[in-house]
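Quick look at upload.cif (mmCIF, C-alpha atoms):
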```cif
data_coords
#
loop_
_atom_site.group_PDB
_atom_site.id
_atom_site.type_symbol
_atom_site.label_atom_id
_atom_site.label_comp_id
_atom_site.auth_asym_id
_atom_site.auth_seq_id
_atom_site.Cartn_x
_atom_site.Cartn_y
_atom_site.Cartn_z
ATOM 1 C CA ASP A 1 -0.937 1.945 -16.962
ATOM 2 C CA GLY A 2 -2.941 4.142 -19.363
ATOM 3 C CA GLY A 3 -1.638 7.404 -20.644
ATOM 4 C CA ILE A 4 0.383 9.256 -23.196
ATOM 5 C CA THR A 5 4.135 8.758 -23.366
ATOM 6 C CA GLN A 6 6.743 10.973 -24.945
ATOM 7 C CA SER A 7 10.317 9.968 -25.380
ATOM 8 C CA PRO A 8 13.007 10.920 -24.810
ATOM 9 C CA LYS A 9 12.581 13.542 -22.087
ATOM 10 C CA TYR A 10 15.738 15.373 -23.210
ATOM 11 C CA LEU A 11 17.244 15.353 -26.687
ATOM 12 C CA PHE A 12 20.336 16.999 -28.074
ATOM 13 C CA ARG A 13 21.107 17.293 -31.773
ATOM 14 C CA LYS A 14 23.584 19.069 -33.964
ATOM 15 C CA GLU A 15 22.354 21.806 -36.232
ATOM 16 C CA GLY A 16 21.352 20.498 -39.653
ATOM 17 C CA GLN A 17 20.267 17.062 -38.447
ATOM 18 C CA ASN A 18 16.722 15.801 -38.583
ATOM 19 C CA VAL A 19 15.348 14.407 -35.331
ATOM 20 C CA THR A 20 12.186 12.434 -34.553
ATOM 21 C CA LEU A 21 10.243 12.781 -31.319
ATOM 22 C CA SER A 22 8.111 9.873 -30.210
ATOM 23 C CA CYS A 23 4.532 10.059 -28.906
ATOM 24 C CA GLU A 24 2.505 6.981 -27.975
ATOM 25 C CA GLN A 25 -0.923 6.718 -26.318
ATOM 26 C CA ASN A 26 -2.907 3.730 -25.084
ATOM 27 C CA LEU A 27 -6.095 5.682 -24.377
ATOM 28 C CA ASN A 28 -7.725 4.641 -27.661
ATOM 29 C CA HIS A 29 -8.009 8.305 -28.629
ATOM 30 C CA ASP A 30 -8.683 9.279 -32.226
ATOM 31 C CA ALA A 31 -7.156 12.758 -32.061
ATOM 32 C CA MET A 32 -3.506 13.552 -31.425
ATOM 33 C CA TYR A 33 -1.591 16.828 -31.397
ATOM 34 C CA TRP A 34 1.888 18.300 -31.317
ATOM 35 C CA TYR A 35 2.580 21.626 -29.630
ATOM 36 C CA ARG A 36 5.666 23.719 -29.205
ATOM 37 C CA GLN A 37 6.236 25.810 -26.076
ATOM 38 C CA ASP A 38 8.866 28.533 -25.796
ATOM 39 C CA PRO A 39 9.715 30.391 -22.554
ATOM 40 C CA GLY A 40 6.988 32.853 -21.617
ATOM 41 C CA GLN A 41 4.847 31.782 -24.547
ATOM 42 C CA GLY A 42 1.659 29.817 -24.854
ATOM 43 C CA LEU A 43 1.401 26.481 -26.573
ATOM 44 C CA ARG A 44 1.481 26.729 -30.349
ATOM 45 C CA LEU A 45 0.002 24.007 -32.508
ATOM 46 C CA ILE A 46 2.359 22.339 -34.973
ATOM 47 C CA TYR A 47 0.265 19.502 -36.415
ATOM 48 C CA TYR A 48 -2.815 17.579 -35.418
ATOM 49 C CA SER A 49 -4.526 14.401 -36.511
ATOM 50 C CA GLN A 50 -8.179 13.549 -36.040
ATOM 51 C CA ILE A 51 -7.949 10.030 -37.391
ATOM 52 C CA VAL A 52 -5.427 7.473 -38.594
ATOM 53 C CA ASN A 53 -3.743 8.285 -41.927
ATOM 54 C CA ASP A 54 -4.903 11.888 -41.783
ATOM 55 C CA PHE A 55 -3.315 15.016 -40.322
ATOM 56 C CA GLN A 56 -3.525 18.800 -40.702
ATOM 57 C CA LYS A 57 -1.063 21.632 -40.327
ATOM 58 C CA GLY A 58 -1.328 23.831 -37.289
ATOM 59 C CA ASP A 59 -0.152 27.389 -36.878
ATOM 60 C CA ILE A 60 3.600 26.700 -37.108
ATOM 61 C CA ALA A 61 4.011 23.601 -39.305
ATOM 62 C CA GLU A 62 6.955 24.862 -41.381
ATOM 63 C CA GLY A 63 10.068 22.774 -40.785
ATOM 64 C CA TYR A 64 8.158 19.896 -39.192
ATOM 65 C CA SER A 65 6.613 16.688 -40.489
ATOM 66 C CA VAL A 66 4.381 14.006 -38.957
ATOM 67 C CA SER A 67 2.842 10.646 -39.747
ATOM 68 C CA ARG A 68 -0.170 8.805 -38.340
ATOM 69 C CA GLU A 69 0.127 5.226 -39.533
ATOM 70 C CA LYS A 70 -1.218 3.783 -36.283
ATOM 71 C CA LYS A 71 -3.912 5.088 -33.950
ATOM 72 C CA GLU A 72 -1.628 4.993 -30.937
ATOM 73 C CA SER A 73 1.412 6.677 -32.479
ATOM 74 C CA PHE A 74 2.030 10.207 -33.793
ATOM 75 C CA PRO A 75 5.773 10.859 -34.270
ATOM 76 C CA LEU A 76 7.065 14.347 -35.017
ATOM 77 C CA THR A 77 10.156 14.966 -37.151
ATOM 78 C CA VAL A 78 11.969 18.243 -36.704
ATOM 79 C CA THR A 79 13.783 18.834 -39.972
ATOM 80 C CA SER A 80 16.836 20.919 -40.739
ATOM 81 C CA ALA A 81 14.480 23.429 -42.360
ATOM 82 C CA GLN A 82 13.164 24.477 -38.936
ATOM 83 C CA LYS A 83 15.059 27.696 -38.219
ATOM 84 C CA ASN A 84 14.850 27.676 -34.439
ATOM 85 C CA PRO A 85 14.138 24.122 -33.271
ATOM 86 C CA THR A 86 15.300 24.416 -29.654
ATOM 87 C CA ALA A 87 12.091 24.267 -27.591
ATOM 88 C CA PHE A 88 9.868 22.185 -25.329
ATOM 89 C CA TYR A 89 7.624 19.885 -27.381
ATOM 90 C CA LEU A 90 4.344 18.568 -26.037
ATOM 91 C CA CYS A 91 2.188 15.799 -27.456
ATOM 92 C CA ALA A 92 -1.480 15.426 -26.534
ATOM 93 C CA SER A 93 -4.414 13.198 -27.352
ATOM 94 C CA SER A 94 -8.173 13.344 -26.976
ATOM 95 C CA ARG A 95 -11.093 11.081 -27.780
ATOM 96 C CA THR A 96 -12.241 13.620 -30.347
ATOM 97 C CA ILE A 97 -11.075 17.135 -31.169
ATOM 98 C CA ALA A 98 -13.862 18.544 -28.959
ATOM 99 C CA THR A 99 -13.169 16.515 -25.808
ATOM 100 C CA GLU A 100 -10.644 16.744 -22.982
ATOM 101 C CA ALA A 101 -7.014 16.632 -24.074
ATOM 102 C CA PHE A 102 -4.390 14.698 -22.138
ATOM 103 C CA PHE A 103 -0.762 15.721 -22.402
ATOM 104 C CA GLY A 104 2.492 13.844 -22.291
ATOM 105 C CA GLN A 105 5.371 15.010 -20.116
ATOM 106 C CA GLY A 106 7.156 16.701 -22.983
ATOM 107 C CA THR A 107 10.484 16.451 -24.783
ATOM 108 C CA ARG A 108 13.014 19.225 -24.397
ATOM 109 C CA LEU A 109 14.977 19.483 -27.641
ATOM 110 C CA THR A 110 18.246 21.371 -27.738
ATOM 111 C CA VAL A 111 19.985 21.926 -31.047
ATOM 112 C CA VAL A 112 23.608 22.982 -30.848
ATOM 113 C CA LYS B 1 -8.599 35.896 -35.102
ATOM 114 C CA ASN B 2 -9.148 33.380 -32.299
ATOM 115 C CA GLN B 3 -7.247 34.311 -29.167
ATOM 116 C CA VAL B 4 -7.176 33.888 -25.407
ATOM 117 C CA GLU B 5 -5.703 36.534 -23.134
ATOM 118 C CA GLN B 6 -4.848 35.974 -19.498
ATOM 119 C CA SER B 7 -4.090 38.277 -16.614
ATOM 120 C CA PRO B 8 -2.064 38.820 -14.630
ATOM 121 C CA GLN B 9 1.023 37.493 -16.376
ATOM 122 C CA SER B 10 2.472 36.504 -13.001
ATOM 123 C CA LEU B 11 1.331 36.554 -9.398
ATOM 124 C CA ILE B 12 2.961 36.000 -6.006
ATOM 125 C CA ILE B 13 0.813 35.182 -2.970
ATOM 126 C CA LEU B 14 1.350 33.963 0.574
ATOM 127 C CA GLU B 15 0.517 30.393 1.461
ATOM 128 C CA GLY B 16 -3.050 30.095 2.711
ATOM 129 C CA LYS B 17 -4.332 33.103 0.772
ATOM 130 C CA ASN B 18 -6.901 33.031 -2.034
ATOM 131 C CA CYS B 19 -6.360 34.314 -5.561
ATOM 132 C CA THR B 20 -8.264 34.759 -8.809
ATOM 133 C CA LEU B 21 -6.867 34.462 -12.313
ATOM 134 C CA GLN B 22 -8.608 36.057 -15.280
ATOM 135 C CA CYS B 23 -9.173 34.993 -18.863
ATOM 136 C CA ASN B 24 -10.762 36.797 -21.818
ATOM 137 C CA TYR B 25 -11.388 34.829 -24.951
ATOM 138 C CA THR B 26 -12.358 35.369 -28.546
ATOM 139 C CA VAL B 27 -12.960 31.912 -29.949
ATOM 140 C CA SER B 28 -15.388 31.141 -32.714
ATOM 141 C CA PRO B 29 -17.064 28.761 -32.885
ATOM 142 C CA PHE B 30 -17.011 28.393 -29.111
ATOM 143 C CA SER B 31 -18.143 25.316 -27.242
ATOM 144 C CA ASN B 32 -16.034 24.999 -24.086
ATOM 145 C CA LEU B 33 -13.537 26.724 -21.809
ATOM 146 C CA ARG B 34 -10.775 24.805 -20.050
ATOM 147 C CA TRP B 35 -8.241 25.508 -17.346
ATOM 148 C CA TYR B 36 -4.981 23.583 -17.142
ATOM 149 C CA LYS B 37 -2.222 23.544 -14.537
ATOM 150 C CA GLN B 38 1.339 23.165 -15.797
ATOM 151 C CA ASP B 39 4.242 22.520 -13.470
ATOM 152 C CA THR B 40 7.645 23.639 -14.723
ATOM 153 C CA GLY B 41 9.063 21.200 -17.268
ATOM 154 C CA ARG B 42 5.939 19.028 -17.281
ATOM 155 C CA GLY B 43 2.872 18.649 -19.469
ATOM 156 C CA PRO B 44 -0.353 20.514 -18.620
ATOM 157 C CA VAL B 45 -2.967 18.749 -16.515
ATOM 158 C CA SER B 46 -6.670 19.492 -16.858
ATOM 159 C CA LEU B 47 -8.379 21.222 -13.928
ATOM 160 C CA THR B 48 -11.833 22.027 -15.293
ATOM 161 C CA ILE B 49 -13.820 21.988 -18.510
ATOM 162 C CA MET B 50 -16.978 24.072 -18.877
ATOM 163 C CA THR B 51 -19.381 24.105 -21.783
ATOM 164 C CA PHE B 52 -20.873 27.418 -22.899
ATOM 165 C CA SER B 53 -24.033 26.671 -20.866
ATOM 166 C CA GLU B 54 -22.190 26.196 -17.563
ATOM 167 C CA ASN B 55 -21.430 29.092 -15.210
ATOM 168 C CA THR B 56 -19.198 27.459 -12.652
ATOM 169 C CA LYS B 57 -17.317 24.266 -11.998
ATOM 170 C CA SER B 58 -15.200 23.198 -9.052
ATOM 171 C CA ASN B 59 -12.346 20.780 -8.622
ATOM 172 C CA GLY B 60 -11.305 20.714 -4.979
ATOM 173 C CA ARG B 61 -9.842 24.116 -4.103
ATOM 174 C CA TYR B 62 -10.133 25.266 -7.719
ATOM 175 C CA THR B 63 -13.333 26.962 -8.897
ATOM 176 C CA ALA B 64 -13.758 28.162 -12.462
ATOM 177 C CA THR B 65 -16.447 30.539 -13.661
ATOM 178 C CA LEU B 66 -17.615 31.299 -17.163
ATOM 179 C CA ASP B 67 -19.591 34.224 -18.552
ATOM 180 C CA ALA B 68 -20.307 33.397 -22.179
ATOM 181 C CA ASP B 69 -21.951 36.785 -22.757
ATOM 182 C CA THR B 70 -18.863 38.791 -21.857
ATOM 183 C CA LYS B 71 -16.488 36.033 -22.989
ATOM 184 C CA GLN B 72 -14.715 35.973 -19.658
ATOM 185 C CA SER B 73 -13.614 33.222 -17.324
ATOM 186 C CA SER B 74 -11.875 33.156 -13.977
ATOM 187 C CA LEU B 75 -10.098 30.551 -11.889
ATOM 188 C CA HIS B 76 -10.298 31.001 -8.131
ATOM 189 C CA ILE B 77 -7.857 29.161 -5.899
ATOM 190 C CA THR B 78 -8.823 28.853 -2.250
ATOM 191 C CA ALA B 79 -6.415 28.440 0.656
ATOM 192 C CA SER B 80 -3.357 28.258 -1.570
ATOM 193 C CA GLN B 81 -0.616 25.712 -0.959
ATOM 194 C CA LEU B 82 3.043 25.702 -1.967
ATOM 195 C CA SER B 83 2.212 22.963 -4.475
ATOM 196 C CA ASP B 84 -0.111 25.359 -6.300
ATOM 197 C CA SER B 85 2.955 27.122 -7.670
ATOM 198 C CA ALA B 86 2.671 26.552 -11.410
ATOM 199 C CA SER B 87 1.438 28.117 -14.637
ATOM 200 C CA TYR B 88 -2.318 28.165 -15.130
ATOM 201 C CA ILE B 89 -3.452 28.097 -18.719
ATOM 202 C CA CYS B 90 -6.855 29.125 -20.035
ATOM 203 C CA VAL B 91 -7.943 27.339 -23.224
ATOM 204 C CA GLY B 92 -10.865 27.952 -25.564
ATOM 205 C CA GLY B 93 -12.387 25.069 -27.483
ATOM 206 C CA GLY B 94 -14.540 25.081 -30.611
ATOM 207 C CA GLY B 95 -16.780 22.456 -32.062
ATOM 208 C CA ASN B 96 -14.408 20.864 -34.512
ATOM 209 C CA THR B 97 -11.335 23.058 -34.388
ATOM 210 C CA PRO B 98 -8.098 22.817 -32.406
ATOM 211 C CA LEU B 99 -7.858 24.381 -28.976
ATOM 212 C CA VAL B 100 -6.762 28.000 -28.533
ATOM 213 C CA PHE B 101 -4.284 28.453 -25.671
ATOM 214 C CA GLY B 102 -3.567 31.503 -23.570
ATOM 215 C CA LYS B 103 0.003 32.264 -22.514
ATOM 216 C CA GLY B 104 -0.732 31.372 -18.918
ATOM 217 C CA THR B 105 -0.452 33.037 -15.524
ATOM 218 C CA ARG B 106 2.636 32.105 -13.530
ATOM 219 C CA LEU B 107 1.595 31.675 -9.867
ATOM 220 C CA SER B 108 4.143 31.540 -7.080
ATOM 221 C CA VAL B 109 2.963 30.621 -3.585
ATOM 222 C CA ILE B 110 5.469 31.524 -0.868
ATOM 223 C CA ALA B 111 5.646 30.546 2.774
#
```

Show the structure stored in the file as structure tokens.
Amino acid sequence: DGGITQSPKYLFRKEGQNVTLSCEQNLNHDAMYWYRQDPGQGLRLIYYSQIVNDFQKGDIAEGYSVSREKKESFPLTVTSAQKNPTAFYLCASSRTIATEAFFGQGTRLTVV
Amino acid sequence: KNQVEQSPQSLIILEGKNCTLQCNYTVSPFSNLRWYKQDTGRGPVSLTIMTFSENTKSNGRYTATLDADTKQSSLHITASQLSDSASYICVGGGGNTPLVFGKGTRLSVIA
């Protein structure tokens, strides 16, 4: 079953802890992205990667880190430096940065 | 600054009625305009993608238009259904740059 999978769907963490969100795709896409969505707001780009072992900061990269060691995987770590980490996180992939993007179902992170 | 603005912010219509959502974009370089549907708590799903040379594209009851001269796009929904209740997001795409997302229009279809 092809697609893009995010896990877990819901995640709770204590303030000050780092947490890693998983994103896996079996679409053979080169480009992958992480977005953050807050209520009433549009999607904001955190990081993106156009190819394995390479990634670029998006508009709101502070307090986040990523890695792209494998084509199919693009995990996002929310560090304790992120001031307001509670949000809905969306991962996406596309064949290239100019082609149609497919989204995962999202991870809702709550930091208490 | 690249940006996409959508109107209205929210909309309520009766089941069976038509509606049109608007999008103004300032994206440079510009190569394509996309519309996504996002159900609450889910990831967005692509409805249409239009290149700058296309004027209209349909996907079932959804018809998108694009005017590259005025930098405007619209999404028309025909014979609305309860399942159309969702956020509709307009997205501008460049040649080799990340997508620019609008904040979305929240559509509620009521019986």

- the PyMOL selection byres ((chain A) within 7 of (chain B)) applied to the shown file, residues as a PyMOL selection string: chain A and resi 41-43+90+97-98+103-106

Enumerate, as a PDB file with C-alpha atoms, keeping the file's coordinate frame, the residues matched when the PyMOL selection byres ((chain A and resi 66) around 12) is run on the file above.
```pdb
ATOM      1  CA  VAL A  19      15.348  14.407 -35.331  1.00  0.00           C
ATOM      2  CA  THR A  20      12.186  12.434 -34.553  1.00  0.00           C
ATOM      3  CA  LEU A  21      10.243  12.781 -31.319  1.00  0.00           C
ATOM      4  CA  SER A  22       8.111   9.873 -30.210  1.00  0.00           C
ATOM      5  CA  CYS A  23       4.532  10.059 -28.906  1.00  0.00           C
ATOM      6  CA  MET A  32      -3.506  13.552 -31.425  1.00  0.00           C
ATOM      7  CA  TYR A  33      -1.591  16.828 -31.397  1.00  0.00           C
ATOM      8  CA  TRP A  34       1.888  18.300 -31.317  1.00  0.00           C
ATOM      9  CA  ILE A  46       2.359  22.339 -34.973  1.00  0.00           C
ATOM     10  CA  TYR A  47       0.265  19.502 -36.415  1.00  0.00           C
ATOM     11  CA  TYR A  48      -2.815  17.579 -35.418  1.00  0.00           C
ATOM     12  CA  SER A  49      -4.526  14.401 -36.511  1.00  0.00           C
ATOM     13  CA  VAL A  52      -5.427   7.473 -38.594  1.00  0.00           C
ATOM     14  CA  ASN A  53      -3.743   8.285 -41.927  1.00  0.00           C
ATOM     15  CA  ASP A  54      -4.903  11.888 -41.783  1.00  0.00           C
ATOM     16  CA  PHE A  55      -3.315  15.016 -40.322  1.00  0.00           C
ATOM     17  CA  GLN A  56      -3.525  18.800 -40.702  1.00  0.00           C
ATOM     18  CA  LYS A  57      -1.063  21.632 -40.327  1.00  0.00           C
ATOM     19  CA  GLY A  58      -1.328  23.831 -37.289  1.00  0.00           C
ATOM     20  CA  ALA A  61       4.011  23.601 -39.305  1.00  0.00           C
ATOM     21  CA  GLU A  62       6.955  24.862 -41.381  1.00  0.00           C
ATOM     22  CA  GLY A  63      10.068  22.774 -40.785  1.00  0.00           C
ATOM     23  CA  TYR A  64       8.158  19.896 -39.192  1.00  0.00           C
ATOM     24  CA  SER A  65       6.613  16.688 -40.489  1.00  0.00           C
ATOM     25  CA  SER A  67       2.842  10.646 -39.747  1.00  0.00           C
ATOM     26  CA  ARG A  68      -0.170   8.805 -38.340  1.00  0.00           C
ATOM     27  CA  GLU A  69       0.127   5.226 -39.533  1.00  0.00           C
ATOM     28  CA  LYS A  70      -1.218   3.783 -36.283  1.00  0.00           C
ATOM     29  CA  SER A  73       1.412   6.677 -32.479  1.00  0.00           C
ATOM     30  CA  PHE A  74       2.030  10.207 -33.793  1.00  0.00           C
ATOM     31  CA  PRO A  75       5.773  10.859 -34.270  1.00  0.00           C
ATOM     32  CA  LEU A  76       7.065  14.347 -35.017  1.00  0.00           C
ATOM     33  CA  THR A  77      10.156  14.966 -37.151  1.00  0.00           C
ATOM     34  CA  VAL A  78      11.969  18.243 -36.704  1.00  0.00           C
ATOM     35  CA  THR A  79      13.783  18.834 -39.972  1.00  0.00           C
ATOM     36  CA  CYS A  91       2.188  15.799 -27.456  1.00  0.00           C
TER      37      CYS A  91
END
```

- So how far away is CA of Gln25 (chain A) from CA of Tyr36 (chain B), in Å?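 CA of Gln25 (chain A) lies at a distance of 19.6 Å from CA of Tyr36 (chain B).
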
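The result of the PyMOL selection byres ((chain B and resi 59) around 12) on the shown file is Trp35, Tyr36, Ser46, Leu47, Thr48, Ile49, Met50, Thr56, Lys57, Ser58, Gly60, Arg61, Tyr62, Thr63, Ala64, Thr65, Leu75, His76, Ile77 and Thr78 of chain B.
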
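CA of Leu66 (chain B) is positioned 9.9 Å from CA of Asn24 (chain B).
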
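Of the listed residues (B:Leu14, B:Phe52, B:Lys1, B:Cys19), B:Phe52 comes nearest to Gln72 (chain B); the distances count only C-alpha atoms.
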
- Item | Two-atom distance - CA of Ile13 (chain B), CA of Gln81 (chain B) (Å) |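 Atom-to-atom, CA of Ile13 (chain B) to CA of Gln81 (chain B), that is 9.8 Å.
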
- Shortest interatomic distance to Asn18 (chain A) - which of A:Ser94, A:Gln37, A:Ser80, A:Gln50, counting only C-alpha atoms: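 Closest candidate: A:Ser80.
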
Listed atoms of region 34-51 of chain A boxed along x, y and z, 3 Å each side, centre and edge lengths in Å, one decimal, as lines of an AutoDock Vina configuration file:
```
center_x = 0.8
center_y = 21.4
center_z = -29.5
size_x = 23.9
size_y = 28.8
size_z = 21.8
```
